[in-house]
$ cat final-v9.pdb   # PDB, C-alpha atoms, pLDDT in the B column
ATOM      1  CA  MET H   1     145.496  -3.490  70.570  1.00 94.00           C
ATOM      2  CA  ILE H   2     146.135  -1.257  73.547  1.00 97.00           C
ATOM      3  CA  ARG H   3     144.384   2.134  73.366  1.00 97.00           C
ATOM      4  CA  LYS H   4     146.325   5.063  74.807  1.00 97.00           C
ATOM      5  CA  SER H   5     145.258   8.671  75.201  1.00 98.00           C
ATOM      6  CA  PHE H   6     147.214  11.635  76.515  1.00 98.00           C
ATOM      7  CA  LYS H   7     147.328  15.404  76.612  1.00 98.00           C
ATOM      8  CA  MET H   8     150.111  17.825  75.715  1.00 98.00           C
ATOM      9  CA  TYR H   9     150.383  21.601  75.771  1.00 98.00           C
ATOM     10  CA  LEU H  10     150.791  23.835  72.731  1.00 98.00           C
ATOM     11  CA  ASN H  11     152.307  27.299  73.080  1.00 98.00           C
ATOM     12  CA  GLU H  12     149.973  30.228  72.441  1.00 97.00           C
ATOM     13  CA  GLY H  13     149.600  31.106  68.763  1.00 97.00           C
ATOM     14  CA  MET H  14     151.300  27.951  67.480  1.00 98.00           C
ATOM     15  CA  SER H  15     148.311  25.918  66.280  1.00 97.00           C
ATOM     16  CA  GLU H  16     148.862  26.594  62.562  1.00 98.00           C
ATOM     17  CA  GLU H  17     152.567  25.771  62.819  1.00 98.00           C
ATOM     18  CA  TYR H  18     151.832  22.579  64.785  1.00 98.00           C
ATOM     19  CA  GLU H  19     149.345  21.421  62.175  1.00 97.00           C
ATOM     20  CA  LYS H  20     151.701  22.347  59.321  1.00 98.00           C
ATOM     21  CA  ARG H  21     154.569  20.342  60.809  1.00 98.00           C
ATOM     22  CA  HIS H  22     152.369  17.295  61.338  1.00 97.00           C
ATOM     23  CA  ASN H  23     150.905  17.518  57.838  1.00 97.00           C
ATOM     24  CA  LEU H  24     154.526  17.253  56.641  1.00 97.00           C
ATOM     25  CA  LEU H  25     155.438  14.462  59.081  1.00 97.00           C
ATOM     26  CA  TRP H  26     158.777  12.984  58.105  1.00 98.00           C
ATOM     27  CA  PRO H  27     158.595   9.551  56.451  1.00 98.00           C
ATOM     28  CA  GLU H  28     161.191   8.338  58.979  1.00 98.00           C
ATOM     29  CA  MET H  29     158.840   9.268  61.839  1.00 97.00           C
ATOM     30  CA  LYS H  30     155.916   7.476  60.218  1.00 98.00           C
ATOM     31  CA  ASP H  31     158.108   4.408  59.764  1.00 98.00           C
ATOM     32  CA  MET H  32     159.379   4.526  63.361  1.00 98.00           C
ATOM     33  CA  ILE H  33     155.829   4.754  64.745  1.00 98.00           C
ATOM     34  CA  SER H  34     154.790   1.750  62.670  1.00 98.00           C
ATOM     35  CA  ARG H  35     157.921  -0.291  63.523  1.00 98.00           C
ATOM     36  CA  HIS H  36     157.253   0.276  67.235  1.00 98.00           C
ATOM     37  CA  GLY H  37     153.668  -0.951  66.964  1.00 98.00           C
ATOM     38  CA  GLY H  38     151.790   2.359  66.736  1.00 98.00           C
ATOM     39  CA  HIS H  39     148.567   2.484  64.714  1.00 98.00           C
ATOM     40  CA  ASN H  40     145.526   4.719  64.277  1.00 97.00           C
ATOM     41  CA  TYR H  41     147.287   7.799  65.685  1.00 98.00           C
ATOM     42  CA  SER H  42     145.267  11.029  66.027  1.00 98.00           C
ATOM     43  CA  ILE H  43     145.888  14.358  67.768  1.00 98.00           C
ATOM     44  CA  PHE H  44     143.136  16.884  68.506  1.00 98.00           C
ATOM     45  CA  LEU H  45     143.443  20.516  69.629  1.00 98.00           C
ATOM     46  CA  ASP H  46     141.201  22.323  72.102  1.00 98.00           C
ATOM     47  CA  GLU H  47     141.581  25.830  70.673  1.00 97.00           C
ATOM     48  CA  GLU H  48     140.267  27.491  73.839  1.00 97.00           C
ATOM     49  CA  THR H  49     142.989  26.020  76.059  1.00 98.00           C
ATOM     50  CA  ASN H  50     145.776  25.064  73.595  1.00 98.00           C
ATOM     51  CA  VAL H  51     145.653  21.540  75.020  1.00 98.00           C
ATOM     52  CA  LEU H  52     146.409  18.765  72.536  1.00 98.00           C
ATOM     53  CA  TYR H  53     144.714  15.397  73.007  1.00 98.00           C
ATOM     54  CA  GLY H  54     146.404  12.388  71.460  1.00 98.00           C
ATOM     55  CA  TYR H  55     145.059   8.911  70.778  1.00 98.00           C
ATOM     56  CA  ILE H  56     147.069   5.941  69.564  1.00 98.00           C
ATOM     57  CA  GLU H  57     146.647   2.210  69.445  1.00 98.00           C
ATOM     58  CA  ILE H  58     149.784   0.211  70.226  1.00 98.00           C
ATOM     59  CA  GLU H  59     150.678  -3.457  70.058  1.00 98.00           C
ATOM     60  CA  ASP H  60     152.899  -3.645  73.137  1.00 97.00           C
ATOM     61  CA  GLU H  61     153.738  -1.182  75.945  1.00 97.00           C
ATOM     62  CA  GLU H  62     157.432  -2.138  76.119  1.00 97.00           C
ATOM     63  CA  LYS H  63     157.929  -1.960  72.361  1.00 97.00           C
ATOM     64  CA  TRP H  64     156.191   1.424  72.245  1.00 98.00           C
ATOM     65  CA  ALA H  65     158.276   2.767  75.145  1.00 97.00           C
ATOM     66  CA  GLU H  66     161.432   1.963  73.162  1.00 97.00           C
ATOM     67  CA  SER H  67     160.344   4.435  70.467  1.00 97.00           C
ATOM     68  CA  ALA H  68     161.204   7.354  72.766  1.00 96.00           C
ATOM     69  CA  ASP H  69     164.909   6.482  72.554  1.00 96.00           C
ATOM     70  CA  THR H  70     165.153   6.357  68.773  1.00 98.00           C
ATOM     71  CA  LEU H  71     167.311   8.946  67.037  1.00 98.00           C
ATOM     72  CA  ILE H  72     164.438  10.082  64.791  1.00 98.00           C
ATOM     73  CA  ASN H  73     162.100  10.559  67.750  1.00 98.00           C
ATOM     74  CA  ARG H  74     164.695  12.675  69.589  1.00 98.00           C
ATOM     75  CA  LYS H  75     165.178  14.728  66.429  1.00 98.00           C
ATOM     76  CA  TRP H  76     161.391  15.254  66.220  1.00 98.00           C
ATOM     77  CA  TRP H  77     161.224  16.359  69.855  1.00 98.00           C
ATOM     78  CA  ASP H  78     163.983  18.918  69.205  1.00 98.00           C
ATOM     79  CA  TYR H  79     162.122  20.139  66.093  1.00 98.00           C
ATOM     80  CA  MET H  80     158.868  20.600  68.027  1.00 98.00           C
ATOM     81  CA  ALA H  81     160.323  22.052  71.250  1.00 98.00           C
ATOM     82  CA  ASP H  82     159.895  25.689  70.201  1.00 98.00           C
ATOM     83  CA  ILE H  83     156.115  25.401  69.891  1.00 98.00           C
ATOM     84  CA  MET H  84     155.190  23.138  72.838  1.00 98.00           C
ATOM     85  CA  LYS H  85     155.627  22.828  76.572  1.00 98.00           C
ATOM     86  CA  THR H  86     158.546  20.411  76.979  1.00 98.00           C
ATOM     87  CA  ASN H  87     160.627  18.602  79.558  1.00 98.00           C
ATOM     88  CA  PRO H  88     164.389  19.308  79.885  1.00 97.00           C
ATOM     89  CA  ASP H  89     165.156  16.603  77.254  1.00 97.00           C
ATOM     90  CA  ASN H  90     162.738  18.326  74.794  1.00 98.00           C
ATOM     91  CA  SER H  91     160.170  15.548  75.112  1.00 97.00           C
ATOM     92  CA  PRO H  92     156.689  17.046  75.185  1.00 98.00           C
ATOM     93  CA  VAL H  93     155.058  17.334  78.575  1.00 98.00           C
ATOM     94  CA  SER H  94     152.542  14.531  78.191  1.00 97.00           C
ATOM     95  CA  ILE H  95     149.985  13.351  80.708  1.00 97.00           C
ATOM     96  CA  GLY H  96     148.225  10.029  80.207  1.00 97.00           C
ATOM     97  CA  LEU H  97     144.446  10.076  80.350  1.00 97.00           C
ATOM     98  CA  LYS H  98     142.400   7.499  82.230  1.00 96.00           C
ATOM     99  CA  PRO H  99     140.036   5.507  80.019  1.00 95.00           C
ATOM    100  CA  VAL H 100     136.482   5.632  81.359  1.00 96.00           C
ATOM    101  CA  PHE H 101     134.342   4.414  78.435  1.00 96.00           C
ATOM    102  CA  HIS H 102     134.745   2.547  75.157  1.00 94.00           C
ATOM    103  CA  LEU H 103     132.153   1.288  72.684  1.00 94.00           C
ATOM    104  CA  ASP H 104     133.082  -1.113  69.860  1.00 88.00           C
TER     105      ASP H 104
END

$ encode --input "final-v9.pdb" --output "C-alpha cells"
Amino acid sequence: MIRKSFKMYLNEGMSEEYEKRHNLLWPEMKDMISRHGGHNYSIFLDEETNVLYGYIEIEDEEKWAESADTLINRKWWDYMADIMKTNPDNSPVSIGLKPVFHLD
C-alpha cells in the first residue's frame, strides 16, 4: 500500500456542512474510491485554521490518478465547491504532504 497525505482548505463556518456531506457520502463515491484502489481514507479538520488533512492508502498511483476523471468524482467536486477553496475545475485545492515518520 502507498500512504498519501494532503491538506485542503475549508471555507469559514462550513465545518458542520462538510462533516454532514461526508457522513452522507454517496454510495457511488464509496464504490469509485474502492474501484480505484483507495482504502483506509480519513479526513481531519484543524478547527483553528480550517485546514483539512486527508490520509488515504492506495494500491497504485496511476490507478488512483484516474479517479479524478470519473463522472462521479467531478459531480462530487461540483457539490463541494461552495464550501471549500477550489481550482477553476472545482477540484479542491490540495497540497500533498511529505512523509517524515511512520511506525508499523

$ residues_near_point --input "final-v9.pdb" --point "(155.7, -3.5, 66.7)" --cutoff "7 Å" --atoms "all atoms listed in the file" --output "list in words"
Ser34, Arg35, His36, Gly37, Glu59 and Lys63 of chain H

$ resolve_selection --input "final-v9.pdb" --expression "the PyMOL selection byres ((chain H and resi 51) around 7)" --output "list in words"
Lys7, Met8, Tyr9, Leu10, Leu45, Asp46, Thr49, Asn50, Leu52 and Tyr53 of chain H

$ resolve_selection --input "final-v9.pdb" --expression "the PyMOL selection byres ((chain H and resi 79) around 12)" --output "PDB file with C-alpha atoms, in the coordinates of the input"
ATOM      1  CA  GLU H  17     152.567  25.771  62.819  1.00 98.00           C
ATOM      2  CA  TYR H  18     151.832  22.579  64.785  1.00 98.00           C
ATOM      3  CA  ARG H  21     154.569  20.342  60.809  1.00 98.00           C
ATOM      4  CA  HIS H  22     152.369  17.295  61.338  1.00 97.00           C
ATOM      5  CA  LEU H  25     155.438  14.462  59.081  1.00 97.00           C
ATOM      6  CA  TRP H  26     158.777  12.984  58.105  1.00 98.00           C
ATOM      7  CA  ILE H  72     164.438  10.082  64.791  1.00 98.00           C
ATOM      8  CA  ASN H  73     162.100  10.559  67.750  1.00 98.00           C
ATOM      9  CA  ARG H  74     164.695  12.675  69.589  1.00 98.00           C
ATOM     10  CA  LYS H  75     165.178  14.728  66.429  1.00 98.00           C
ATOM     11  CA  TRP H  76     161.391  15.254  66.220  1.00 98.00           C
ATOM     12  CA  TRP H  77     161.224  16.359  69.855  1.00 98.00           C
ATOM     13  CA  ASP H  78     163.983  18.918  69.205  1.00 98.00           C
ATOM     14  CA  MET H  80     158.868  20.600  68.027  1.00 98.00           C
ATOM     15  CA  ALA H  81     160.323  22.052  71.250  1.00 98.00           C
ATOM     16  CA  ASP H  82     159.895  25.689  70.201  1.00 98.00           C
ATOM     17  CA  ILE H  83     156.115  25.401  69.891  1.00 98.00           C
ATOM     18  CA  MET H  84     155.190  23.138  72.838  1.00 98.00           C
ATOM     19  CA  THR H  86     158.546  20.411  76.979  1.00 98.00           C
ATOM     20  CA  ASN H  90     162.738  18.326  74.794  1.00 98.00           C
ATOM     21  CA  SER H  91     160.170  15.548  75.112  1.00 97.00           C
ATOM     22  CA  PRO H  92     156.689  17.046  75.185  1.00 98.00           C
TER      23      PRO H  92
END

$ closest_residue --input "final-v9.pdb" --among "H:Ser94, H:Asn11, H:Ala68, H:Ile58" --to "Met29 (chain H)" --atoms "all atoms listed in the file"
H:Ala68

$ resolve_selection --input "final-v9.pdb" --expression "the PyMOL selection byres ((chain H and resi 2) around 8)" --output "PyMOL selection string"
chain H and resi 1+3-4+57-61

$ residues_around --input "final-v9.pdb" --residues "Ser42 (chain H)" --least-positions-apart "5" --cutoff "9 Å" --atoms "all atoms listed in the file" --output "list in words"
Tyr53, Gly54, Tyr55 and Ile56 of chain H

$ axis_aligned_box --input "final-v9.pdb" --around "region 61-76 of chain H" --padding-each-side "3 Å" --output "lines of an AutoDock Vina configuration file"
center_x = 160.5
center_y = 6.6
center_z = 70.5
size_x = 19.6
size_y = 23.4
size_z = 17.3

$ atom_distance --input "final-v9.pdb" --atom1 "CA of Ala65 (chain H)" --atom2 "CA of Lys85 (chain H)"
20.3 Å

$ atom_distance --input "final-v9.pdb" --atom1 "CA of Lys98 (chain H)" --atom2 "CA of Phe6 (chain H)"
8.5 Å

$ atom_distance --input "final-v9.pdb" --atom1 "CA of Ile43 (chain H)" --atom2 "CA of Ser5 (chain H)"
9.4 Å

$ closest_residue --input "final-v9.pdb" --among "H:Lys20, H:Gly96, H:Glu48, H:Trp64" --to "Ile33 (chain H)" --atoms "all atoms listed in the file"
H:Trp64

$ decode --input "final-v9.pdb" --residues "region 25-41 of chain H" --atoms "all heavy atoms" --output "compact mmCIF listing (two decimals), in the first residue's frame"
# COMPACT_ATOMS: atom_id res chain seq x y z
N LEU H 25 -21.93 10.39 2.45
CA LEU H 25 -21.18 10.15 1.22
C LEU H 25 -21.95 9.20 0.31
O LEU H 25 -22.41 8.15 0.74
CB LEU H 25 -19.80 9.56 1.55
CG LEU H 25 -18.85 9.40 0.38
CD1 LEU H 25 -18.47 10.76 -0.21
CD2 LEU H 25 -17.60 8.65 0.81
N TRP H 26 -22.08 9.62 -0.94
CA TRP H 26 -22.83 8.84 -1.91
C TRP H 26 -22.23 7.45 -2.09
O TRP H 26 -21.01 7.29 -2.18
CB TRP H 26 -22.83 9.55 -3.26
CG TRP H 26 -23.29 10.96 -3.24
CD1 TRP H 26 -24.21 11.53 -2.39
CD2 TRP H 26 -22.86 12.00 -4.12
NE1 TRP H 26 -24.36 12.86 -2.70
CE2 TRP H 26 -23.55 13.17 -3.75
CE3 TRP H 26 -21.96 12.05 -5.18
CZ2 TRP H 26 -23.38 14.38 -4.42
CZ3 TRP H 26 -21.79 13.26 -5.84
CH2 TRP H 26 -22.50 14.40 -5.46
N PRO H 27 -23.08 6.43 -2.17
CA PRO H 27 -22.57 5.07 -2.42
C PRO H 27 -21.70 4.98 -3.68
O PRO H 27 -20.72 4.24 -3.70
CB PRO H 27 -23.85 4.22 -2.56
CG PRO H 27 -24.89 5.00 -1.83
CD PRO H 27 -24.53 6.45 -1.99
N GLU H 28 -22.05 5.76 -4.70
CA GLU H 28 -21.26 5.76 -5.94
C GLU H 28 -19.85 6.28 -5.71
O GLU H 28 -18.90 5.84 -6.37
CB GLU H 28 -21.95 6.61 -7.03
CG GLU H 28 -23.35 6.18 -7.38
CD GLU H 28 -24.42 6.89 -6.56
OE1 GLU H 28 -24.10 7.45 -5.49
OE2 GLU H 28 -25.58 6.89 -6.98
N MET H 29 -19.70 7.24 -4.80
CA MET H 29 -18.36 7.75 -4.47
C MET H 29 -17.56 6.69 -3.71
O MET H 29 -16.38 6.47 -3.99
CB MET H 29 -18.45 9.01 -3.61
CG MET H 29 -18.33 10.33 -4.33
SD MET H 29 -16.96 10.49 -5.46
CE MET H 29 -15.69 11.13 -4.39
N LYS H 30 -18.20 6.06 -2.75
CA LYS H 30 -17.52 5.00 -2.00
C LYS H 30 -17.04 3.91 -2.95
O LYS H 30 -15.91 3.43 -2.84
CB LYS H 30 -18.47 4.39 -0.95
CG LYS H 30 -18.81 5.32 0.18
CD LYS H 30 -19.79 4.65 1.13
CE LYS H 30 -20.26 5.60 2.21
NZ LYS H 30 -21.22 4.97 3.12
N ASP H 31 -17.90 3.53 -3.89
CA ASP H 31 -17.56 2.49 -4.85
C ASP H 31 -16.41 2.93 -5.75
O ASP H 31 -15.49 2.16 -6.01
CB ASP H 31 -18.80 2.14 -5.69
CG ASP H 31 -18.53 1.02 -6.66
OD1 ASP H 31 -18.10 -0.07 -6.22
OD2 ASP H 31 -18.73 1.23 -7.88
N MET H 32 -16.44 4.17 -6.22
CA MET H 32 -15.39 4.68 -7.09
C MET H 32 -14.04 4.67 -6.37
O MET H 32 -13.02 4.27 -6.92
CB MET H 32 -15.73 6.10 -7.57
CG MET H 32 -14.72 6.69 -8.54
SD MET H 32 -13.22 7.40 -7.79
CE MET H 32 -13.90 8.70 -6.79
N ILE H 33 -14.03 5.11 -5.12
CA ILE H 33 -12.79 5.14 -4.33
C ILE H 33 -12.22 3.72 -4.23
O ILE H 33 -11.03 3.49 -4.47
CB ILE H 33 -13.03 5.76 -2.95
CG1 ILE H 33 -13.30 7.27 -3.10
CG2 ILE H 33 -11.85 5.51 -2.02
CD1 ILE H 33 -13.86 7.93 -1.85
N SER H 34 -13.08 2.78 -3.92
CA SER H 34 -12.65 1.38 -3.80
C SER H 34 -12.16 0.82 -5.13
O SER H 34 -11.11 0.18 -5.21
CB SER H 34 -13.81 0.55 -3.25
OG SER H 34 -13.44 -0.79 -3.15
N ARG H 35 -12.91 1.06 -6.21
CA ARG H 35 -12.54 0.56 -7.54
C ARG H 35 -11.21 1.12 -8.03
O ARG H 35 -10.52 0.49 -8.82
CB ARG H 35 -13.62 0.86 -8.57
CG ARG H 35 -14.78 -0.10 -8.55
CD ARG H 35 -15.78 0.12 -9.68
NE ARG H 35 -16.51 1.37 -9.50
CZ ARG H 35 -16.34 2.47 -10.25
NH1 ARG H 35 -15.48 2.49 -11.22
NH2 ARG H 35 -17.04 3.56 -10.01
N HIS H 36 -10.84 2.30 -7.55
CA HIS H 36 -9.58 2.93 -7.95
C HIS H 36 -8.46 2.68 -6.94
O HIS H 36 -7.43 3.34 -6.97
CB HIS H 36 -9.78 4.42 -8.24
CG HIS H 36 -10.48 4.63 -9.54
ND1 HIS H 36 -11.84 4.60 -9.67
CD2 HIS H 36 -9.98 4.85 -10.78
CE1 HIS H 36 -12.16 4.80 -10.93
NE2 HIS H 36 -11.05 4.94 -11.62
N GLY H 37 -8.69 1.72 -6.04
CA GLY H 37 -7.63 1.28 -5.14
C GLY H 37 -7.45 2.09 -3.88
O GLY H 37 -6.40 2.02 -3.25
N GLY H 38 -8.45 2.87 -3.48
CA GLY H 38 -8.37 3.67 -2.26
C GLY H 38 -8.89 2.91 -1.05
O GLY H 38 -9.93 2.26 -1.13
N HIS H 39 -8.15 2.96 0.04
CA HIS H 39 -8.53 2.26 1.27
C HIS H 39 -8.16 3.13 2.48
O HIS H 39 -7.29 3.99 2.40
CB HIS H 39 -7.74 0.94 1.41
CG HIS H 39 -7.87 0.05 0.23
ND1 HIS H 39 -8.94 -0.80 0.06
CD2 HIS H 39 -7.08 -0.11 -0.86
CE1 HIS H 39 -8.79 -1.46 -1.08
NE2 HIS H 39 -7.67 -1.06 -1.66
N ASN H 40 -8.82 2.86 3.60
CA ASN H 40 -8.44 3.48 4.87
C ASN H 40 -8.35 5.01 4.76
O ASN H 40 -7.36 5.62 5.13
CB ASN H 40 -7.11 2.89 5.36
CG ASN H 40 -6.88 3.11 6.84
OD1 ASN H 40 -7.82 3.33 7.59
ND2 ASN H 40 -5.64 3.08 7.25
N TYR H 41 -9.41 5.61 4.23
CA TYR H 41 -9.46 7.04 3.94
C TYR H 41 -9.98 7.80 5.16
O TYR H 41 -11.05 7.49 5.67
CB TYR H 41 -10.37 7.27 2.74
CG TYR H 41 -10.29 8.61 2.06
CD1 TYR H 41 -11.08 8.86 0.95
CD2 TYR H 41 -9.48 9.62 2.50
CE1 TYR H 41 -11.04 10.07 0.29
CE2 TYR H 41 -9.43 10.85 1.86
CZ TYR H 41 -10.23 11.06 0.75
OH TYR H 41 -10.18 12.27 0.11
